[in-house]
>>> print(open('input-v1.cif').read())   # mmCIF, C-alpha atoms and all ligand atoms
data_query
loop_
_atom_site.group_PDB
_atom_site.id
_atom_site.type_symbol
_atom_site.label_atom_id
_atom_site.label_comp_id
_atom_site.auth_asym_id
_atom_site.auth_seq_id
_atom_site.Cartn_x
_atom_site.Cartn_y
_atom_site.Cartn_z
ATOM 1 C CA MET A 1 0.000 0.000 0.000
ATOM 2 C CA GLN A 2 1.152 3.527 -0.787
ATOM 3 C CA HIS A 3 2.126 5.132 2.526
ATOM 4 C CA ASN A 4 4.109 8.111 1.251
ATOM 5 C CA ALA A 5 1.518 9.858 -0.845
ATOM 6 C CA PHE A 6 2.773 13.269 0.254
ATOM 7 C CA SER A 7 6.338 12.643 -0.881
ATOM 8 C CA LYS A 8 5.074 11.187 -4.178
ATOM 9 C CA PHE A 9 3.038 14.355 -4.862
ATOM 10 C CA LEU A 10 5.852 16.669 -3.710
ATOM 11 C CA LYS A 11 8.336 14.837 -5.914
ATOM 12 C CA LEU A 12 6.062 15.296 -8.928
ATOM 13 C CA LYS A 13 5.548 18.980 -8.092
ATOM 14 C CA SER A 14 9.245 19.711 -7.696
ATOM 15 C CA ALA A 15 10.023 17.794 -10.909
ATOM 16 C CA GLY A 16 7.405 19.939 -12.702
ATOM 17 C CA GLU A 17 5.388 16.834 -13.583
ATOM 18 C CA LYS A 18 1.619 17.302 -13.453
ATOM 19 C CA ILE A 19 -0.383 15.068 -11.111
ATOM 20 C CA ALA A 20 -3.233 13.191 -12.820
ATOM 21 C CA VAL A 21 -6.140 12.250 -10.546
ATOM 22 C CA LEU A 22 -9.589 10.822 -11.301
ATOM 23 C CA THR A 23 -12.434 9.705 -9.113
ATOM 24 C CA ALA A 24 -12.922 5.958 -8.737
ATOM 25 C CA TYR A 25 -15.581 4.009 -6.897
ATOM 26 C CA ASP A 26 -15.009 0.344 -7.723
ATOM 27 C CA ALA A 27 -12.271 -2.246 -8.157
ATOM 28 C CA THR A 28 -12.580 -2.554 -11.947
ATOM 29 C CA PHE A 29 -12.046 1.137 -12.621
ATOM 30 C CA ALA A 30 -9.426 1.385 -9.885
ATOM 31 C CA HIS A 31 -7.396 -1.208 -11.783
ATOM 32 C CA LEU A 32 -7.983 0.448 -15.180
ATOM 33 C CA LEU A 33 -7.032 3.873 -13.832
ATOM 34 C CA THR A 34 -3.858 2.551 -12.292
ATOM 35 C CA GLU A 35 -2.941 0.845 -15.583
ATOM 36 C CA ALA A 36 -3.609 4.160 -17.359
ATOM 37 C CA GLY A 37 -1.042 5.875 -15.138
ATOM 38 C CA ALA A 38 -3.226 7.919 -12.771
ATOM 39 C CA ASP A 39 -1.187 9.208 -9.815
ATOM 40 C CA ALA A 40 -4.052 9.015 -7.319
ATOM 41 C CA LEU A 41 -7.671 7.879 -7.123
ATOM 42 C CA LEU A 42 -10.281 9.967 -5.337
ATOM 43 C CA VAL A 43 -13.240 8.175 -3.795
ATOM 44 C CA GLY A 44 -15.288 11.359 -3.848
ATOM 45 C CA ASP A 45 -18.656 12.045 -2.299
ATOM 46 C CA SER A 46 -19.614 12.741 -5.923
ATOM 47 C CA LEU A 47 -20.641 9.080 -5.646
ATOM 48 C CA GLY A 48 -23.898 10.435 -4.235
ATOM 49 C CA MET A 49 -24.678 11.903 -7.638
ATOM 50 C CA VAL A 50 -23.045 9.532 -10.131
ATOM 51 C CA LEU A 51 -23.742 6.235 -8.323
ATOM 52 C CA GLN A 52 -26.733 6.967 -6.099
ATOM 53 C CA GLY A 53 -28.589 9.370 -8.395
ATOM 54 C CA ALA A 54 -29.015 12.097 -5.784
ATOM 55 C CA PRO A 55 -29.223 15.768 -6.844
ATOM 56 C CA ASP A 56 -26.192 16.676 -4.705
ATOM 57 C CA THR A 57 -23.667 15.092 -2.334
ATOM 58 C CA LEU A 58 -25.296 15.915 0.982
ATOM 59 C CA ALA A 59 -26.914 12.557 1.779
ATOM 60 C CA VAL A 60 -23.752 10.477 1.320
ATOM 61 C CA ARG A 61 -22.876 8.495 4.449
ATOM 62 C CA LEU A 62 -19.462 7.704 5.856
ATOM 63 C CA SER A 63 -20.245 3.995 5.438
ATOM 64 C CA ASP A 64 -20.897 4.607 1.698
ATOM 65 C CA VAL A 65 -17.460 6.165 1.213
ATOM 66 C CA ALA A 66 -15.803 3.480 3.372
ATOM 67 C CA TYR A 67 -17.439 0.752 1.252
ATOM 68 C CA HIS A 68 -16.216 2.309 -2.004
ATOM 69 C CA VAL A 69 -12.721 2.924 -0.588
ATOM 70 C CA ARG A 70 -12.561 -0.812 0.193
ATOM 71 C CA CYS A 71 -13.657 -1.648 -3.376
ATOM 72 C CA VAL A 72 -11.082 0.727 -4.891
ATOM 73 C CA ARG A 73 -8.331 -0.588 -2.615
ATOM 74 C CA SER A 74 -9.112 -4.161 -3.760
ATOM 75 C CA GLY A 75 -8.603 -3.137 -7.379
ATOM 76 C CA ALA A 76 -5.552 -0.952 -6.763
ATOM 77 C CA PRO A 77 -3.526 -2.344 -3.846
ATOM 78 C CA ASP A 78 -0.630 0.104 -4.318
ATOM 79 C CA ALA A 79 -2.477 3.267 -5.331
ATOM 80 C CA VAL A 80 -2.688 6.568 -3.508
ATOM 81 C CA ILE A 81 -6.372 6.659 -2.538
ATOM 82 C CA ILE A 82 -8.030 9.831 -1.286
ATOM 83 C CA GLY A 83 -11.183 9.174 0.752
ATOM 84 C CA ASP A 84 -13.714 11.998 0.935
ATOM 85 C CA MET A 85 -15.275 12.904 4.291
ATOM 86 C CA PRO A 86 -19.019 13.358 3.676
ATOM 87 C CA PHE A 87 -21.134 16.286 4.840
ATOM 88 C CA GLY A 88 -21.705 16.145 8.605
ATOM 89 C CA THR A 89 -18.861 13.756 9.422
ATOM 90 C CA PHE A 90 -16.138 16.289 10.270
ATOM 91 C CA GLN A 91 -17.756 19.607 11.235
ATOM 92 C CA ILE A 92 -18.980 18.861 14.784
ATOM 93 C CA SER A 93 -15.599 18.544 16.481
ATOM 94 C CA PRO A 94 -11.999 17.625 15.637
ATOM 95 C CA GLU A 95 -12.382 14.523 17.822
ATOM 96 C CA ARG A 96 -15.444 13.334 15.873
ATOM 97 C CA ALA A 97 -13.627 14.100 12.605
ATOM 98 C CA PHE A 98 -10.644 12.022 13.768
ATOM 99 C CA ALA A 99 -12.824 9.040 14.695
ATOM 100 C CA ASN A 100 -14.553 9.180 11.301
ATOM 101 C CA ALA A 101 -11.315 9.684 9.359
ATOM 102 C CA VAL A 102 -9.903 6.582 11.059
ATOM 103 C CA LYS A 103 -12.766 4.558 9.518
ATOM 104 C CA LEU A 104 -11.760 5.669 6.007
ATOM 105 C CA MET A 105 -8.095 4.956 6.744
ATOM 106 C CA ALA A 106 -9.058 1.485 8.018
ATOM 107 C CA ALA A 107 -10.985 0.924 4.789
ATOM 108 C CA GLY A 108 -7.808 1.634 2.821
ATOM 109 C CA ALA A 109 -7.558 5.394 2.245
ATOM 110 C CA SER A 110 -4.052 6.879 2.067
ATOM 111 C CA ILE A 111 -5.313 10.449 2.587
ATOM 112 C CA ILE A 112 -8.678 11.851 3.636
ATOM 113 C CA LYS A 113 -10.278 14.946 2.047
ATOM 114 C CA ILE A 114 -12.091 17.691 3.908
ATOM 115 C CA GLU A 115 -14.077 20.527 2.313
ATOM 116 C CA GLY A 116 -13.618 23.961 3.839
ATOM 117 C CA GLY A 117 -11.072 26.659 4.571
ATOM 118 C CA LEU A 118 -10.251 28.786 7.597
ATOM 119 C CA THR A 119 -13.012 27.394 9.827
ATOM 120 C CA MET A 120 -11.789 23.816 9.291
ATOM 121 C CA ALA A 121 -8.121 24.657 10.016
ATOM 122 C CA PRO A 122 -8.199 23.504 13.686
ATOM 123 C CA THR A 123 -9.702 20.175 12.570
ATOM 124 C CA VAL A 124 -7.115 19.693 9.821
ATOM 125 C CA ARG A 125 -4.343 20.446 12.317
ATOM 126 C CA PHE A 126 -5.847 18.003 14.842
ATOM 127 C CA LEU A 127 -5.895 15.218 12.233
ATOM 128 C CA THR A 128 -2.450 15.870 10.767
ATOM 129 C CA GLU A 129 -0.869 15.993 14.237
ATOM 130 C CA ARG A 130 -2.340 12.540 14.876
ATOM 131 C CA GLY A 131 -1.067 10.848 11.727
ATOM 132 C CA ILE A 132 -3.898 11.405 9.254
ATOM 133 C CA PRO A 133 -2.742 13.003 5.983
ATOM 134 C CA VAL A 134 -5.332 15.529 4.835
ATOM 135 C CA CYS A 135 -6.226 16.780 1.367
ATOM 136 C CA ALA A 136 -7.898 20.175 1.790
ATOM 137 C CA HIS A 137 -10.626 21.337 -0.605
ATOM 138 C CA VAL A 138 -11.137 25.080 -1.109
ATOM 139 C CA GLY A 139 -12.912 27.322 -3.614
ATOM 140 C CA LEU A 140 -16.282 25.934 -4.629
ATOM 141 C CA LEU A 141 -17.495 23.595 -1.881
ATOM 142 C CA PRO A 142 -20.173 21.235 -3.241
ATOM 143 C CA GLN A 143 -21.284 20.405 0.322
ATOM 144 C CA TRP A 144 -22.355 24.069 0.641
ATOM 145 C CA VAL A 145 -24.591 23.976 -2.454
ATOM 146 C CA ARG A 146 -27.864 24.289 -0.535
ATOM 147 C CA ALA A 147 -26.479 27.167 1.549
ATOM 148 C CA GLN A 148 -24.984 28.953 -1.451
ATOM 149 C CA GLY A 149 -27.832 28.245 -3.886
ATOM 150 C CA GLY A 150 -25.807 26.669 -6.672
ATOM 151 C CA TYR A 151 -22.396 25.815 -8.068
ATOM 152 C CA LYS A 152 -20.670 29.148 -8.744
ATOM 153 C CA VAL A 153 -17.093 30.206 -9.438
ATOM 154 C CA GLN A 154 -15.465 31.352 -6.184
ATOM 155 C CA GLY A 155 -12.729 33.947 -5.665
ATOM 156 C CA ARG A 156 -13.578 36.486 -8.342
ATOM 157 C CA GLY A 157 -12.757 40.134 -7.548
ATOM 158 C CA ASP A 158 -12.664 41.004 -3.853
ATOM 159 C CA THR A 159 -13.559 37.453 -2.770
ATOM 160 C CA ALA A 160 -10.111 36.270 -3.950
ATOM 161 C CA THR A 161 -8.774 37.319 -0.541
ATOM 162 C CA ALA A 162 -11.048 34.863 1.260
ATOM 163 C CA VAL A 163 -9.930 31.987 -0.998
ATOM 164 C CA ARG A 164 -6.276 32.947 -0.426
ATOM 165 C CA GLU A 165 -6.849 32.928 3.355
ATOM 166 C CA ASP A 166 -8.594 29.558 3.152
ATOM 167 C CA ALA A 167 -5.725 28.028 1.164
ATOM 168 C CA LEU A 168 -3.036 29.518 3.400
ATOM 169 C CA SER A 169 -4.807 28.325 6.558
ATOM 170 C CA MET A 170 -4.915 24.793 5.118
ATOM 171 C CA GLU A 171 -1.194 24.880 4.326
ATOM 172 C CA GLN A 172 -0.420 26.120 7.846
ATOM 173 C CA ALA A 173 -2.659 23.434 9.354
ATOM 174 C CA GLY A 174 -0.560 20.788 7.599
ATOM 175 C CA ALA A 175 -2.657 19.750 4.580
ATOM 176 C CA VAL A 176 -0.502 17.570 2.319
ATOM 177 C CA THR A 177 -2.339 18.513 -0.867
ATOM 178 C CA MET A 178 -5.246 20.733 -1.825
ATOM 179 C CA VAL A 179 -8.135 20.560 -4.295
ATOM 180 C CA LEU A 180 -8.871 23.977 -5.829
ATOM 181 C CA GLU A 181 -12.391 23.820 -7.244
ATOM 182 C CA MET A 182 -13.738 26.398 -9.695
ATOM 183 C CA ILE A 183 -11.599 29.397 -8.888
ATOM 184 C CA PRO A 184 -10.221 31.784 -11.530
ATOM 185 C CA ALA A 185 -7.185 30.359 -13.353
ATOM 186 C CA VAL A 186 -5.061 33.371 -12.412
ATOM 187 C CA LEU A 187 -5.748 32.887 -8.707
ATOM 188 C CA ALA A 188 -5.103 29.121 -8.949
ATOM 189 C CA ALA A 189 -1.766 29.821 -10.677
ATOM 190 C CA GLU A 190 -0.757 32.226 -7.902
ATOM 191 C CA LEU A 191 -1.681 29.741 -5.162
ATOM 192 C CA SER A 192 0.086 26.871 -6.935
ATOM 193 C CA THR A 193 3.275 28.932 -7.128
ATOM 194 C CA HIS A 194 3.256 30.053 -3.510
ATOM 195 C CA LEU A 195 1.898 27.061 -1.614
ATOM 196 C CA GLN A 196 4.069 24.091 -0.716
ATOM 197 C CA PRO A 197 1.273 21.463 -0.850
ATOM 198 C CA PRO A 198 0.646 20.414 -4.464
ATOM 199 C CA THR A 199 -2.646 21.811 -5.788
ATOM 200 C CA ILE A 200 -5.115 19.636 -7.683
ATOM 201 C CA GLY A 201 -7.444 21.734 -9.808
ATOM 202 C CA ILE A 202 -10.945 21.137 -11.074
ATOM 203 C CA GLY A 203 -12.240 24.025 -13.156
ATOM 204 C CA SER A 204 -9.263 26.110 -11.992
ATOM 205 C CA GLY A 205 -7.041 26.244 -15.049
ATOM 206 C CA ARG A 206 -3.923 24.534 -16.330
ATOM 207 C CA ASP A 207 -1.396 26.011 -13.875
ATOM 208 C CA CYS A 208 -2.446 23.869 -10.920
ATOM 209 C CA ASP A 209 0.069 21.175 -9.980
ATOM 210 C CA GLY A 210 -2.428 18.512 -10.976
ATOM 211 C CA GLN A 211 -5.972 17.955 -12.182
ATOM 212 C CA VAL A 212 -8.947 15.887 -11.111
ATOM 213 C CA LEU A 213 -12.234 15.113 -12.848
ATOM 214 C CA VAL A 214 -15.208 12.981 -11.956
ATOM 215 C CA LEU A 215 -14.819 9.708 -13.901
ATOM 216 C CA HIS A 216 -18.386 9.709 -15.243
ATOM 217 C CA ASP A 217 -17.994 13.298 -16.492
ATOM 218 C CA MET A 218 -14.809 12.623 -18.456
ATOM 219 C CA LEU A 219 -16.321 9.474 -19.959
ATOM 220 C CA GLY A 220 -19.339 11.491 -21.122
ATOM 221 C CA LEU A 221 -21.735 9.486 -18.946
ATOM 222 C CA SER A 222 -23.106 12.209 -16.693
ATOM 223 C CA ALA A 223 -26.609 13.527 -17.200
ATOM 224 C CA GLY A 224 -27.406 17.217 -17.592
ATOM 225 C CA ALA A 225 -25.736 20.112 -19.350
ATOM 226 C CA ARG A 226 -22.030 19.791 -20.158
ATOM 227 C CA LYS A 227 -19.906 21.523 -17.559
ATOM 228 C CA ARG A 228 -17.424 23.986 -18.987
ATOM 229 C CA PHE A 229 -14.461 22.559 -17.072
ATOM 230 C CA VAL A 230 -15.111 18.981 -18.264
ATOM 231 C CA LYS A 231 -13.778 17.381 -21.419
ATOM 232 C CA ASN A 232 -15.379 14.187 -22.729
ATOM 233 C CA PHE A 233 -12.344 11.989 -23.407
ATOM 234 C CA MET A 234 -14.556 9.205 -24.803
ATOM 235 C CA ALA A 235 -15.481 11.385 -27.791
ATOM 236 C CA ASP A 236 -12.195 10.619 -29.600
ATOM 237 C CA ALA A 237 -11.355 7.292 -27.972
ATOM 238 C CA GLU A 238 -11.905 3.744 -29.213
ATOM 239 C CA SER A 239 -12.225 2.258 -25.746
ATOM 240 C CA VAL A 240 -12.681 3.283 -22.134
ATOM 241 C CA GLN A 241 -9.049 2.431 -21.450
ATOM 242 C CA ASP A 242 -7.918 4.660 -24.352
ATOM 243 C CA ALA A 243 -9.976 7.523 -22.891
ATOM 244 C CA LEU A 244 -8.368 7.083 -19.473
ATOM 245 C CA ILE A 245 -4.882 7.014 -21.004
ATOM 246 C CA ALA A 246 -5.719 10.116 -23.092
ATOM 247 C CA TYR A 247 -6.798 11.965 -19.930
ATOM 248 C CA VAL A 248 -3.601 11.103 -18.048
ATOM 249 C CA GLN A 249 -1.465 12.113 -21.029
ATOM 250 C CA ALA A 250 -3.392 15.361 -21.590
ATOM 251 C CA VAL A 251 -2.899 16.337 -17.933
ATOM 252 C CA LYS A 252 0.784 15.358 -17.989
ATOM 253 C CA ASN A 253 1.599 17.295 -21.169
ATOM 254 C CA GLY A 254 -0.508 20.319 -20.230
ATOM 255 C CA ASP A 255 -3.133 19.930 -22.992
ATOM 256 C CA PHE A 256 -5.904 19.593 -20.420
ATOM 257 C CA PRO A 257 -7.430 21.799 -19.222
ATOM 258 C CA ALA A 258 -7.489 24.166 -22.179
ATOM 259 C CA ALA A 259 -8.368 27.850 -21.807
ATOM 260 C CA GLU A 260 -11.978 27.030 -22.738
ATOM 261 C CA ASN A 261 -12.230 24.744 -19.667
ATOM 262 C CA ALA A 262 -11.158 27.493 -17.233
ATOM 263 C CA PHE A 263 -12.696 30.623 -15.713
HETATM 264 O O1 LIG B 1 -16.434 14.338 -4.650
HETATM 265 C C1 LIG B 1 -15.654 14.549 -5.587
HETATM 266 O O2 LIG B 1 -15.578 13.799 -6.557
HETATM 267 C C2 LIG B 1 -14.806 15.722 -5.506
HETATM 268 C C3 LIG B 1 -14.125 16.167 -6.750
HETATM 269 C C4 LIG B 1 -15.098 16.788 -7.652
HETATM 270 C C5 LIG B 1 -12.959 17.050 -6.469
HETATM 271 O O3 LIG B 1 -14.705 16.316 -4.480
#
>>> encode(input="input-v1.cif", output="structure tokens", more="lines below")
Ligand code: KIV
Amino acid sequence: MQHNAFSKFLKLKSAGEKIAVLTAYDATFAHLLTEAGADALLVGDSLGMVLQGAPDTLAVRLSDVAYHVRCVRSGAPDAVIIGDMPFGTFQISPERAFANAVKLMAAGASIIKIEGGLTMAPTVRFLTERGIPVCAHVGLLPQWVRAQGGYKVQGRGDTATAVREDALSMEQAGAVTMVLEMIPAVLAAELSTHLQPPTIGIGSGRDCDGQVLVLHDMLGLSAGARKRFVKNFMADAESVQDALIAYVQAVKNGDFPAAENAF
């Protein structure tokens, strides 16, 4: 099992090699993604939408993520696996967050992911000081969709300061890597230059240290209007495996995301 995910990511960042990440939820895709060269697999709470058919991620349970982490670990014994902490499993107290994070680690996660900035910093510090590597998630926070009334680009104009503070607080709290979701490409480039933890962008432009997409989106399987930051890699591929390889290569050589996929 991959125990040094942080050093793997840091090594890629300092070598200037982009980090290619995709979501995975089962053993078959975990194996295919590993064969395609993905650097890490994210068992995201996006499973609530793409597997469970819910309108958002808010009803996903910790046991759902733990189950899918176990499936992904079976298919990819040596992969870096990021397990997503669902809504309500980490906000009440750092102690509760630790107990829940331990369940994802026991299921096979290498790193756990927590949505939120400044207000979650004490929790991230509590976990990292007790041996749990944390992937922070700042910018657009899908778990806040009902509070914020939709999925909107974060950090435009004056609100860039708040995103900067969120990212900095996560670095200071010890986050080993950071998802930057739907923030302006210029802001993501600035953060990626100045922060030590490698940044993994989604809808945040090509200058992040790595990229992540939801598997079903990049295979053109998701319902609803096409999202601007998504590319359908199945469109030009002859097989699912070719599409996965094309994604990894496009991230590695900087072809994805293109300007049209950014804000
Ligand atoms: O749940 C998820 O898949 C995510 C990614 C969209 C970053 O958080």
>>> residues_near_ligand(input="input-v1.cif", ligand="ligand LIG 1 (chain B)", cutoff="6 Å", atoms="only C-alpha atoms and all ligand atoms", output="ChimeraX atom specification")
/A:23,44-46,214
>>> closest_residue(input="input-v1.cif", among="A:Ala101, A:Met178, A:Ala54, A:Ala30", to="Pro198 of chain A", atoms="only C-alpha atoms")
A:Met178
>>> closest_residue(input="input-v1.cif", among="A:Gly220, A:Lys227, A:Val43, A:Ala36", to="Ala250 of chain A", atoms="only C-alpha atoms")
A:Ala36
>>> closest_residue(input="input-v1.cif", among="A:Tyr67, A:Phe256, A:Tyr151, A:Phe233", to="Gly108 of chain A", atoms="only C-alpha atoms")
A:Tyr67
>>> resolve_selection(input="input-v1.cif", expression="the PyMOL selection byres (((chain A and resi 103) around 12) and not hetatm)", output="ChimeraX atom specification")
/A:61-67,69-70,83-85,89,96-102,104-112,132
